[in-house]
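Novice: This structure is in structure tokens; I'll ask about it shortly.
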Amino acid sequence: MVNYPNILLIGGNARNSGKTSLACEIIRKFSFDMPIIGLKVTRMKPDEGSFHGAHSMQEDSSFFEETDIEGKKDTSRMLKAGAKRVFYLCVMEERLIEAMDKLNAIIPVGSLLVCESRSLRNYLEPGVFILMMRETSHGEGKDMTGFIKDADFVSGSGNSLAGIAEIVSHISLKDLAWRFE
């Protein structure tokens, strides 16, 4: 597994667990000192095409840079929070590393990334990995057993502002590497 200390990874067990809110607060705090790149990665399975949008399954990845600072999408929120650039990647799992290589080719070496993705944790060792958990209805949440053991911090506070502020207070940067203290 490749080590990426410049990536802060945020995953979650369900939608609306506070992942984007946390990403935006981290970007807001650190973008004054360093340029931060935001990234949202969605892993798409063959039977999920309609859930993630109108993608032809012959396309195994969709990659774009967000430019709409006033939009309602999560990527727009990251841009508005202060990210220098924000990218969205929707990719079949078997193409995840290839798609990340494509991203690495266009961003400056050593860039700091705040990334919303649980699935990337299977392929890389980030500087910090935070899991945002919320109570779910039966069958709604994902099995998080493997991810919980790898997390630097697991939050059950969801998207409460106090909970997010507490998490952000433990995050720091040293030598272009994210830390959780």
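Note on naming: chains are A, B, ... as they come in the structure tokens, residues start from 1 per chain, ligands start from 1 in the order shown.
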List the neighbours of Asn13 in chain A out to 8 Å using only C-alpha atoms; skip same-chain residues closer than 2 positions along the sequence, and give me the result as a count of residues only.
Specialist: 11
Novice: Just checking: using only C-alpha atoms, which residue out of A:Ser160, A:Asn122, A:Ser31, A:Ser169 ends up closest to Leu96 in chain A?
Specialist: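 Ranking A:Ser160, A:Asn122, A:Ser31, A:Ser169 by distance to Leu96 in chain A, first place goes to A:Asn122.
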Novice: At a cut-off of 10 Å, using only C-alpha atoms, what residues contact Arg121 in chain A? Leave out same-chain residues fewer than 2 positions from it and give the result as a list in words.
Specialist: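 Non-adjacent residues within range: Met1, Leu9, Ile10, Gly11, Ser117, Arg118, Ser119, Tyr123, Leu124, Glu125, Pro126, Phe129, Gly146, Phe147, Asp150 and Ala151 of chain A.
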Novice: Using DSSP on the backbone coordinates, identify all residues within range 20-132 of chain A classified as alpha helix (DSSP H); present the result as number ranges by chain.
Specialist: A: 20-30, 49-52, 74-81, 96-106
Novice: Output C-alpha atoms for every residue in that selection, as an mmCIF file, in the first residue's frame.
Specialist:
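Contents of the output file selection-v1.cif:
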```
data_model
loop_
_atom_site.group_PDB
_atom_site.id
_atom_site.type_symbol
_atom_site.label_atom_id
_atom_site.label_comp_id
_atom_site.auth_asym_id
_atom_site.auth_seq_id
_atom_site.Cartn_x
_atom_site.Cartn_y
_atom_site.Cartn_z
ATOM 1 C CA THR A 20 -18.522 17.130 3.253
ATOM 2 C CA SER A 21 -19.169 19.417 6.217
ATOM 3 C CA LEU A 22 -15.963 18.159 7.838
ATOM 4 C CA ALA A 23 -14.005 18.463 4.579
ATOM 5 C CA CYS A 24 -15.159 22.068 4.175
ATOM 6 C CA GLU A 25 -14.186 23.014 7.739
ATOM 7 C CA ILE A 26 -10.725 21.503 7.276
ATOM 8 C CA ILE A 27 -10.298 23.350 3.977
ATOM 9 C CA ARG A 28 -11.558 26.568 5.571
ATOM 10 C CA LYS A 29 -9.032 26.289 8.419
ATOM 11 C CA PHE A 30 -5.923 25.332 6.441
ATOM 12 C CA GLY A 49 -25.230 3.529 -12.652
ATOM 13 C CA SER A 50 -28.644 5.096 -12.161
ATOM 14 C CA PHE A 51 -27.829 6.101 -8.563
ATOM 15 C CA HIS A 52 -24.698 8.074 -9.495
ATOM 16 C CA ASP A 74 -20.417 18.883 -2.460
ATOM 17 C CA THR A 75 -17.573 19.831 -4.789
ATOM 18 C CA SER A 76 -18.902 23.401 -5.052
ATOM 19 C CA ARG A 77 -19.041 23.585 -1.267
ATOM 20 C CA MET A 78 -15.357 22.589 -1.070
ATOM 21 C CA LEU A 79 -14.451 25.275 -3.589
ATOM 22 C CA LYS A 80 -16.440 27.875 -1.678
ATOM 23 C CA ALA A 81 -14.699 26.811 1.568
ATOM 24 C CA LEU A 96 -9.562 3.561 -8.996
ATOM 25 C CA ILE A 97 -5.752 3.542 -8.946
ATOM 26 C CA GLU A 98 -5.565 4.365 -12.656
ATOM 27 C CA ALA A 99 -7.897 7.331 -12.105
ATOM 28 C CA MET A 100 -5.809 8.546 -9.149
ATOM 29 C CA ASP A 101 -2.721 8.378 -11.367
ATOM 30 C CA LYS A 102 -4.564 10.618 -13.840
ATOM 31 C CA LEU A 103 -5.241 13.113 -11.037
ATOM 32 C CA ASN A 104 -1.633 12.984 -9.825
ATOM 33 C CA ALA A 105 -0.494 13.879 -13.338
ATOM 34 C CA ILE A 106 -2.342 17.219 -13.268
#
```
Novice: Just give me the gap between CA of Ile164 in chain A and CA of Gly38 in chain A in Å, one decimal is fine.
Specialist: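 Computing the Euclidean distance for CA of Ile164 in chain A and CA of Gly38 in chain A yields 17.5 Å.
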Novice: Skipping near chain neighbours, those fewer than 5 positions away, what residues fall within 7 Å of range 85-89 of chain A using only C-alpha atoms, listed as a PDB file with N, CA and C atoms, in the first residue's frame?
Specialist:
```pdb
ATOM      1  N   ILE A  37      -6.241  21.157  -2.206  1.00  0.00           N
ATOM      2  CA  ILE A  37      -7.022  20.618  -3.315  1.00  0.00           C
ATOM      3  C   ILE A  37      -8.088  19.707  -2.724  1.00  0.00           C
ATOM      4  N   GLY A  38      -9.329  19.907  -3.134  1.00  0.00           N
ATOM      5  CA  GLY A  38     -10.438  19.074  -2.688  1.00  0.00           C
ATOM      6  C   GLY A  38     -10.698  17.975  -3.700  1.00  0.00           C
ATOM      7  N   LEU A  39     -11.111  16.829  -3.212  1.00  0.00           N
ATOM      8  CA  LEU A  39     -11.394  15.702  -4.088  1.00  0.00           C
ATOM      9  C   LEU A  39     -12.550  14.901  -3.509  1.00  0.00           C
ATOM     10  N   LYS A  40     -13.513  14.595  -4.355  1.00  0.00           N
ATOM     11  CA  LYS A  40     -14.609  13.700  -3.966  1.00  0.00           C
ATOM     12  C   LYS A  40     -14.547  12.504  -4.899  1.00  0.00           C
ATOM     13  N   VAL A  41     -14.439  11.327  -4.310  1.00  0.00           N
ATOM     14  CA  VAL A  41     -14.343  10.097  -5.092  1.00  0.00           C
ATOM     15  C   VAL A  41     -15.559   9.239  -4.795  1.00  0.00           C
ATOM     16  N   THR A  42     -16.238   8.821  -5.841  1.00  0.00           N
ATOM     17  CA  THR A  42     -17.361   7.904  -5.718  1.00  0.00           C
ATOM     18  C   THR A  42     -17.007   6.642  -6.471  1.00  0.00           C
ATOM     19  N   SER A  62     -15.434   8.805 -14.595  1.00  0.00           N
ATOM     20  CA  SER A  62     -15.840  10.152 -14.952  1.00  0.00           C
ATOM     21  C   SER A  62     -15.032  11.080 -14.058  1.00  0.00           C
ATOM     22  N   PHE A  63     -14.378  12.059 -14.650  1.00  0.00           N
ATOM     23  CA  PHE A  63     -13.439  12.901 -13.926  1.00  0.00           C
ATOM     24  C   PHE A  63     -13.652  14.335 -14.380  1.00  0.00           C
ATOM     25  N   PHE A  64     -13.941  15.236 -13.428  1.00  0.00           N
ATOM     26  CA  PHE A  64     -14.040  16.625 -13.843  1.00  0.00           C
ATOM     27  C   PHE A  64     -13.593  17.555 -12.737  1.00  0.00           C
ATOM     28  N   GLU A  65     -13.208  18.766 -13.141  1.00  0.00           N
ATOM     29  CA  GLU A  65     -12.830  19.793 -12.186  1.00  0.00           C
ATOM     30  C   GLU A  65     -14.028  20.697 -11.954  1.00  0.00           C
ATOM     31  N   GLU A  66     -14.350  20.917 -10.684  1.00  0.00           N
ATOM     32  CA  GLU A  66     -15.454  21.796 -10.310  1.00  0.00           C
ATOM     33  C   GLU A  66     -15.012  23.246 -10.468  1.00  0.00           C
ATOM     34  N   THR A  75     -18.811  19.287  -4.227  1.00  0.00           N
ATOM     35  CA  THR A  75     -17.573  19.831  -4.789  1.00  0.00           C
ATOM     36  C   THR A  75     -17.608  21.358  -4.829  1.00  0.00           C
ATOM     37  N   MET A  78     -16.794  22.626  -1.361  1.00  0.00           N
ATOM     38  CA  MET A  78     -15.357  22.589  -1.070  1.00  0.00           C
ATOM     39  C   MET A  78     -14.648  23.789  -1.690  1.00  0.00           C
ATOM     40  N   LEU A  79     -15.034  24.125  -2.901  1.00  0.00           N
ATOM     41  CA  LEU A  79     -14.451  25.275  -3.589  1.00  0.00           C
ATOM     42  C   LEU A  79     -14.773  26.559  -2.830  1.00  0.00           C
TER      43      LEU A  79
END
```
Novice: Quick one: everything within 7 Å of Trp178 in chain A, counting only C-alpha atoms, minus sequence neighbours fewer than 3 positions away in the same chain. Send it as number ranges by chain.
Specialist: A: 5-8, 127-128, 172-174
Novice: Would you please extract all strand (DSSP E) residues from range 35-180 of chain A, as assigned by DSSP on the backbone, and give them as number ranges by chain?
Specialist: A: 36-44, 61-66, 85-92, 112-116, 124-132, 153-155, 171-174, 177-180
